[in-house]
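Asker: Contents of final07.txt (compact mmCIF, C-alpha atoms) are given next:
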```txt
# COMPACT_ATOMS: atom_id res chain seq x y z
CA MET K 1454 -67.76 112.29 -77.68
CA LYS K 1455 -65.19 109.51 -77.59
CA LYS K 1456 -67.68 107.13 -76.00
CA THR K 1457 -70.29 107.90 -78.66
CA LEU K 1458 -67.84 107.30 -81.51
CA LEU K 1459 -66.72 104.02 -79.95
CA ILE K 1460 -70.31 102.80 -79.67
CA LEU K 1461 -70.94 103.71 -83.31
CA ALA K 1462 -67.82 101.80 -84.40
CA VAL K 1463 -68.84 98.68 -82.50
CA ALA K 1464 -72.35 98.88 -83.91
CA ALA K 1465 -71.07 99.29 -87.48
CA THR K 1466 -68.72 96.35 -87.08
CA ALA K 1467 -71.47 94.12 -85.74
CA LEU K 1468 -73.80 95.15 -88.57
CA MET K 1469 -71.21 94.38 -91.24
CA THR K 1470 -70.32 91.06 -89.67
CA SER K 1471 -73.97 90.04 -89.64
CA CYS K 1472 -74.16 90.83 -93.35
CA VAL K 1473 -71.38 88.35 -94.06
CA ASN K 1474 -72.80 85.58 -91.86
CA ASN K 1475 -76.24 85.80 -93.42
CA LYS K 1476 -78.85 83.11 -93.87
CA GLU K 1477 -77.79 82.41 -97.44
CA MET K 1478 -74.59 80.79 -96.14
CA ILE K 1479 -76.49 77.84 -94.60
CA TYR K 1480 -76.99 74.66 -96.65
CA LEU K 1481 -80.27 72.71 -96.71
CA GLN K 1482 -82.20 75.07 -94.45
CA GLY K 1483 -85.10 73.38 -92.73
CA ALA K 1484 -83.78 69.90 -93.50
CA ASP K 1485 -85.01 68.73 -90.11
CA SER K 1486 -88.60 69.64 -90.91
CA ILE K 1487 -91.26 67.04 -91.60
CA TYR K 1488 -91.43 68.05 -95.27
CA ALA K 1489 -87.70 67.72 -95.82
CA ASN K 1490 -87.62 64.32 -94.15
CA THR K 1491 -90.27 63.00 -96.53
CA LEU K 1492 -88.47 63.93 -99.74
CA ALA K 1493 -88.32 60.94 -102.06
CA ILE K 1494 -85.00 59.12 -102.49
CA ASP K 1495 -84.32 57.50 -105.84
CA LYS K 1496 -82.88 54.20 -104.65
CA ASN K 1497 -82.97 52.78 -108.17
CA PHE K 1498 -80.76 55.42 -109.79
CA GLN K 1499 -78.10 53.98 -112.06
CA LEU K 1500 -75.75 55.58 -114.54
CA LEU K 1501 -76.57 55.04 -118.18
CA ILE K 1502 -73.69 54.16 -120.46
CA GLN K 1503 -72.70 56.94 -122.87
CA SER K 1504 -70.44 57.26 -125.90
CA ASP K 1505 -66.73 57.49 -125.01
CA ASP K 1506 -67.24 55.66 -121.71
CA GLU K 1507 -64.59 53.12 -120.78
CA LEU K 1508 -66.11 49.77 -119.85
CA ALA K 1509 -64.63 46.70 -118.20
CA ILE K 1510 -66.53 43.50 -119.00
CA SER K 1511 -65.59 40.24 -117.32
CA ILE K 1512 -66.57 36.78 -118.51
CA THR K 1513 -66.66 33.78 -116.18
CA SER K 1514 -67.21 30.20 -117.28
CA ARG K 1515 -65.91 26.65 -116.87
CA ASP K 1516 -65.56 26.55 -120.65
CA LYS K 1517 -61.81 26.97 -121.18
CA GLN K 1518 -62.20 27.45 -124.93
CA LEU K 1519 -64.63 30.34 -124.45
CA ILE K 1520 -62.35 32.18 -122.04
CA GLU K 1521 -59.30 31.72 -124.25
CA GLN K 1522 -61.01 33.67 -127.01
CA PHE K 1523 -61.10 36.68 -124.68
CA ASN K 1524 -57.54 36.16 -123.49
CA ASN K 1525 -56.37 36.16 -127.12
CA SER K 1526 -58.44 39.16 -128.21
CA ILE K 1527 -58.13 42.27 -126.06
CA LEU K 1528 -56.86 41.96 -122.50
CA VAL K 1529 -56.37 38.96 -120.27
CA GLY K 1530 -58.12 39.02 -116.94
CA SER K 1531 -58.17 37.62 -113.44
CA GLY K 1532 -54.90 38.96 -112.10
CA ASN K 1533 -54.58 41.35 -115.08
CA SER K 1534 -51.68 39.45 -116.65
CA ALA K 1535 -49.80 36.18 -116.80
CA SER K 1536 -48.98 36.66 -113.10
CA GLY K 1537 -52.39 35.07 -112.33
CA SER K 1538 -52.62 31.32 -111.87
CA SER K 1539 -53.19 29.18 -114.94
CA GLN K 1540 -56.41 27.87 -113.47
CA ALA K 1541 -57.79 31.39 -112.94
CA MET K 1542 -56.76 32.38 -116.45
CA THR K 1543 -58.85 29.62 -117.92
CA GLN K 1544 -61.89 30.53 -115.83
CA SER K 1545 -62.28 34.27 -116.27
CA GLY K 1546 -61.37 36.94 -118.78
CA VAL K 1547 -61.70 40.72 -118.79
CA CYS K 1548 -62.06 42.96 -121.84
CA TYR K 1549 -61.84 46.77 -121.85
CA PHE K 1550 -63.79 48.85 -124.33
CA TRP K 1551 -64.35 52.43 -125.37
CA VAL K 1552 -67.97 52.96 -126.36
CA ASN K 1553 -68.08 54.14 -129.97
CA GLN K 1554 -69.75 57.37 -131.06
CA ASP K 1555 -72.66 55.33 -132.38
CA GLY K 1556 -73.13 53.92 -128.87
CA THR K 1557 -71.89 50.39 -129.61
CA ILE K 1558 -68.97 48.17 -128.68
CA GLU K 1559 -67.34 45.41 -130.73
CA PHE K 1560 -67.55 42.41 -128.45
CA PRO K 1561 -65.61 39.20 -129.17
CA ILE K 1562 -67.75 36.34 -130.55
CA VAL K 1563 -70.97 38.37 -130.32
CA GLY K 1564 -69.95 41.27 -132.58
CA LYS K 1565 -71.44 44.77 -132.42
CA VAL K 1566 -73.48 45.30 -129.24
CA LYS K 1567 -75.49 48.39 -128.28
CA ALA K 1568 -74.23 49.89 -125.02
CA ALA K 1569 -75.19 53.59 -124.86
CA GLY K 1570 -78.44 54.25 -123.05
CA LEU K 1571 -78.25 51.00 -121.07
CA THR K 1572 -77.27 50.36 -117.47
CA VAL K 1573 -74.29 48.08 -116.86
CA GLU K 1574 -76.71 45.39 -115.65
CA GLN K 1575 -78.73 45.57 -118.86
CA LEU K 1576 -75.61 45.38 -121.02
CA SER K 1577 -74.29 42.44 -119.00
CA GLU K 1578 -77.54 40.53 -119.43
CA ASN K 1579 -77.70 41.22 -123.16
CA ILE K 1580 -74.20 39.85 -123.69
CA ARG K 1581 -74.84 36.88 -121.39
CA GLN K 1582 -77.91 35.90 -123.39
CA GLN K 1583 -75.90 35.97 -126.61
CA LEU K 1584 -73.10 33.83 -125.16
CA ALA K 1585 -75.53 31.45 -123.44
CA LYS K 1586 -76.62 30.16 -126.84
CA ASP K 1587 -73.38 28.19 -126.88
CA VAL K 1588 -72.29 28.07 -123.22
CA ASN K 1589 -74.71 27.29 -120.39
CA ASP K 1590 -72.77 28.48 -117.33
CA VAL K 1591 -71.42 31.80 -118.63
CA GLN K 1592 -71.64 34.87 -116.38
CA VAL K 1593 -71.06 38.46 -117.53
CA SER K 1594 -70.36 41.52 -115.41
CA ALA K 1595 -69.83 45.03 -116.82
CA LYS K 1596 -68.91 48.25 -115.09
CA ILE K 1597 -68.05 51.82 -116.03
CA MET K 1598 -64.39 52.33 -115.13
CA SER K 1599 -64.66 56.05 -114.34
CA PHE K 1600 -66.43 59.22 -115.36
CA LYS K 1601 -65.43 62.88 -115.35
CA ILE K 1602 -67.06 65.85 -113.64
CA THR K 1603 -65.84 69.45 -114.05
CA VAL K 1604 -66.39 71.98 -111.26
CA LEU K 1605 -65.74 75.66 -112.03
CA GLY K 1606 -66.32 78.95 -110.28
CA ASP K 1607 -66.17 79.96 -106.64
CA VAL K 1608 -65.00 76.72 -105.02
CA LYS K 1609 -61.76 75.96 -103.21
CA ASN K 1610 -60.44 73.42 -105.75
CA PRO K 1611 -61.96 73.91 -109.21
CA GLY K 1612 -61.06 71.56 -112.03
CA THR K 1613 -61.89 68.26 -113.71
CA GLN K 1614 -61.82 65.09 -111.68
CA SER K 1615 -62.46 61.42 -112.42
CA TYR K 1616 -64.66 59.32 -110.19
CA THR K 1617 -65.18 55.61 -109.81
CA GLY K 1618 -68.40 53.92 -108.85
CA GLN K 1619 -71.87 54.22 -110.29
CA ARG K 1620 -73.52 56.71 -107.92
CA LEU K 1621 -72.29 60.24 -107.17
CA THR K 1622 -74.29 63.22 -105.92
CA LEU K 1623 -73.93 66.96 -106.47
CA LEU K 1624 -73.15 67.47 -102.78
CA GLU K 1625 -70.37 64.89 -102.96
CA VAL K 1626 -68.88 66.59 -106.02
CA LEU K 1627 -68.86 69.98 -104.28
CA GLY K 1628 -67.34 68.36 -101.20
CA ARG K 1629 -64.54 66.82 -103.26
CA ALA K 1630 -63.93 70.25 -104.78
CA GLY K 1631 -63.20 71.55 -101.29
CA ASP K 1632 -66.66 73.11 -100.73
CA LEU K 1633 -67.81 76.57 -101.80
CA ASN K 1634 -65.88 79.66 -100.79
CA ALA K 1635 -67.50 82.15 -98.43
CA SER K 1636 -68.13 84.51 -101.36
CA ALA K 1637 -70.01 81.90 -103.44
CA ILE K 1638 -73.71 82.19 -104.21
CA ARG K 1639 -75.33 79.10 -102.78
CA THR K 1640 -78.79 79.81 -104.16
CA ASN K 1641 -77.91 79.50 -107.87
CA VAL K 1642 -75.55 76.58 -108.60
CA LEU K 1643 -75.64 75.68 -112.29
CA VAL K 1644 -75.28 72.14 -113.66
CA ILE K 1645 -74.87 71.73 -117.44
CA ARG K 1646 -75.44 68.25 -118.85
CA GLU K 1647 -75.15 66.71 -122.31
CA ASP K 1648 -77.92 64.22 -122.95
CA GLY K 1649 -78.88 62.75 -126.30
CA GLY K 1650 -76.83 65.30 -128.22
CA LYS K 1651 -78.45 68.22 -126.37
CA ARG K 1652 -77.21 70.43 -123.55
CA THR K 1653 -79.56 70.93 -120.63
CA SER K 1654 -78.97 73.24 -117.68
CA TYR K 1655 -80.31 72.91 -114.15
CA LYS K 1656 -80.22 75.49 -111.36
CA VAL K 1657 -79.96 74.25 -107.79
CA ASP K 1658 -80.51 76.24 -104.60
CA LEU K 1659 -78.27 74.62 -102.00
CA THR K 1660 -80.13 76.35 -99.17
CA LYS K 1661 -83.38 74.52 -99.98
CA PRO K 1662 -83.58 70.74 -99.46
CA GLU K 1663 -86.36 70.30 -102.02
CA SER K 1664 -84.31 72.10 -104.68
CA VAL K 1665 -81.30 69.86 -104.02
CA PHE K 1666 -82.85 66.43 -103.56
CA ASN K 1667 -85.60 66.78 -106.18
CA SER K 1668 -83.30 68.14 -108.89
CA PRO K 1669 -82.55 65.94 -111.93
CA ALA K 1670 -78.97 67.08 -111.37
CA TYR K 1671 -78.72 65.69 -107.83
CA TYR K 1672 -77.18 62.49 -109.17
CA MET K 1673 -74.23 63.30 -111.38
CA GLN K 1674 -73.75 61.88 -114.85
CA GLN K 1675 -70.72 61.56 -117.10
CA ASN K 1676 -69.17 64.86 -118.22
CA ASP K 1677 -71.46 67.07 -116.11
CA LEU K 1678 -70.27 70.66 -115.63
CA VAL K 1679 -70.95 72.33 -112.28
CA TYR K 1680 -70.57 76.12 -112.09
CA VAL K 1681 -70.70 78.08 -108.82
CA GLU K 1682 -71.33 81.79 -109.23
CA SER K 1683 -69.54 84.36 -107.06
CA ASN K 1684 -71.09 87.33 -105.25
CA LYS K 1685 -70.84 90.76 -106.83
CA SER K 1686 -67.21 91.81 -106.98
CA VAL K 1687 -65.10 94.74 -108.06
CA LYS K 1688 -62.31 94.50 -110.63
CA VAL K 1689 -59.08 96.11 -109.50
CA LYS K 1690 -58.09 98.84 -111.94
CA GLY K 1691 -54.78 98.38 -113.72
CA SER K 1692 -54.66 94.62 -113.16
CA THR K 1693 -53.61 92.48 -116.09
CA SER K 1694 -55.69 89.63 -114.77
CA TYR K 1695 -59.08 89.52 -113.17
CA THR K 1696 -58.44 90.18 -109.50
CA TYR K 1697 -61.51 90.58 -107.35
CA LEU K 1698 -62.31 92.02 -103.97
CA THR K 1699 -64.94 89.86 -102.36
CA VAL K 1700 -67.75 91.22 -100.25
CA THR K 1701 -65.98 90.02 -97.11
CA GLY K 1702 -62.79 91.82 -98.02
CA THR K 1703 -64.69 95.03 -98.76
CA LEU K 1704 -66.43 94.95 -95.37
CA VAL K 1705 -63.15 94.41 -93.57
CA SER K 1706 -61.68 97.42 -95.34
CA MET K 1707 -64.68 99.54 -94.33
CA VAL K 1708 -64.32 98.53 -90.68
CA ALA K 1709 -60.60 99.36 -90.76
CA SER K 1710 -61.37 102.80 -92.23
CA ILE K 1711 -63.92 103.56 -89.49
CA VAL K 1712 -61.50 102.51 -86.76
CA SER K 1713 -58.77 104.68 -88.28
CA LEU K 1714 -61.15 107.65 -88.42
CA ILE K 1715 -62.10 107.23 -84.76
CA ILE K 1716 -58.47 107.09 -83.70
CA ALA K 1717 -57.78 110.29 -85.64
CA LEU K 1718 -60.77 112.12 -84.14
CA THR K 1719 -60.09 111.10 -80.56
CA ARG K 1720 -56.45 112.10 -80.39
```
Spell out the structure here as C-alpha cells.
Answerer:
Amino acid sequence: MKKTLLILAVAATALMTSCVNNKEMIYLQGADSIYANTLAIDKNFQLLIQSDDELAISITSRDKQLIEQFNNSILVGSGNSASGSSQAMTQSGVCYFWVNQDGTIEFPIVGKVKAAGLTVEQLSENIRQQLAKDVNDVQVSAKIMSFKITVLGDVKNPGTQSYTGQRLTLLEVLGRAGDLNASAIRTNVLVIREDGGKRTSYKVDLTKPESVFNSPAYYMQQNDLVYVESNKSVKVKGSTSYTYLTVTGTLVSMVASIVSLIIALTR
C-alpha cells in the first residue's frame, strides 16, 4: 500500500512539472529550420520622425558667419559649451528641437521645415539643400535623441524606458524589461502603436519565428506600448489589491497536499 501511494505521488509530481515546463515556454520554436533561416530581414528599416520627438541637428561649415548664427540662436555645439576650442566653435554648431504637433521645426535661417514622417537622413538633406543656396560646403546631420517604449504586464521589470539609437526590436525591448515571467503567455504579446493619429494593435507569438520577424511590430517605434498577458490566475479573497496565484504556485500547492496526504495515510 505504501509503495503504491509513493509511486502515485511521484507520477503526479512528474505530470504537474511537465505541465509547467510545456512547449509554450520556448521562444522561436523551429528557428533552426530552413524556413526560419530564410525569413526576410529589413536591413533598410529606419525610424520616422514623429511629433514631440527631440532632435539634435548639427551644422558643419568653414563659413564662420553661418555657424555663429546657430551659436547665437539655440544651443552652441562642438563641446556643448564655451569649454570647446574657439576654432571648433566656429566650425560646427548644434541645435536641439522639439518637433511641433504639426510635424514641423523652426530652423534658424531656413524657417519652418517639415520633419514628421521623414527619416533623419531625409531631414538632414532637406536642410542641407536649403543652406547650400548660400554656403557651398555646409554639412547637416540630424538624429533622434531618444524615444520611449512602455512595457506592461507579466514581465520582470515593467515600466517606461527611454532608448537611444535608431533601431530597436521587440525582443530587445522584452530583454531590457528583464524577460517574461514564467507565468506569462508567450503566444499573444500585444503591441499598440500610434501612427498618423490612429492606434493600431499587433499580436505577436513569440514561439513562432515567422510571427516575430515578419510582424510590423518587430521594429519598435516611438511611444509603442507592449503588453504581456498572464496565464489564468485566481484572485485571493479578502485582498485589498489584486494578488494572484500563478499556475506554478497552484501546482506546487497541489503537490504539497498530496505528499501530506501520503504521510498521513502511511503512519
Asker: By how many Å are CA of Val1588 in chain K and CA of Val1552 in chain K apart?
Answerer: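 Atom-to-atom, CA of Val1588 in chain K and CA of Val1552 in chain K are spaced 25.5 Å apart.
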Asker: For a quick check of understanding, using all atoms listed in the file, which of K:Gln1503, K:Gln1675, K:Thr1557, K:Gln1518 has the smallest distance to Ser1615 in chain K?
Answerer: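 When distances to Ser1615 in chain K are compared using all atoms listed in the file, the smallest one comes from K:Gln1675.
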Asker: Excluding Tyr1480 in chain K and its own-chain neighbours fewer than 3 positions away, which residues fall within 8 Å of it when counting all atoms listed in the file? Please give them as a ChimeraX atom specification.
Answerer: /K:1477,1639,1659-1661
Asker: So the first atom is CA of Thr1572 in chain K and the second is CA of Phe1560 in chain K; what is the distance between them in Å, to one decimal place?
Answerer: 16.7 Å
Asker: Restricting the calculation to only C-alpha atoms, which member of K:Ala1670, K:Leu1627, K:Ala1569, K:Ile1580 is positioned closest to Gly1649 in chain K?
Answerer: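 Of K:Ala1670, K:Leu1627, K:Ala1569, K:Ile1580, the one nearest Gly1649 in chain K, counting only C-alpha atoms, is K:Ala1569.
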Asker: Enter the distance from CA of Phe1600 in chain K to CA of Phe1666 in chain K, in Å, rounded to one decimal.
Answerer: 21.5 Å
Asker: Set the distance at 6 Å and use all atoms listed in the file: which residues neighbour range 1608-1612 of chain K once local chain neighbours fewer than 6 positions away are removed? I'd like the list as a PyMOL selection string.
Answerer: chain K and resi 1630-1634
Asker: Can you pull out the residues contacting Leu1571 in chain K? Cut-off 9 Å, using all atoms listed in the file, and skip same-chain residues under 3 positions away; I want them as a list in words.
Answerer: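 What passes the distance filter is Leu1500, Leu1501, Ile1502, Gln1503, Lys1567, Ala1568, Glu1574, Gln1575 and Leu1576 of chain K.
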Asker: Pick the closest to Ser1504 in chain K from K:Gly1564, K:Glu1647, K:Glu1521, K:Ile1479: which is it, counting all atoms listed in the file?
Answerer: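 Of the candidates, the smallest distance to Ser1504 in chain K is held by K:Glu1647.
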Asker: Write out as a list in words each polymer residue whose atoms come within 7 Å of Lys1656 in chain K, counting only C-alpha atoms; drop sequence neighbours fewer than 2 positions from it.
Answerer: Asn1641, Val1642, Leu1643, Val1644, Ser1654 and Asp1658 of chain K
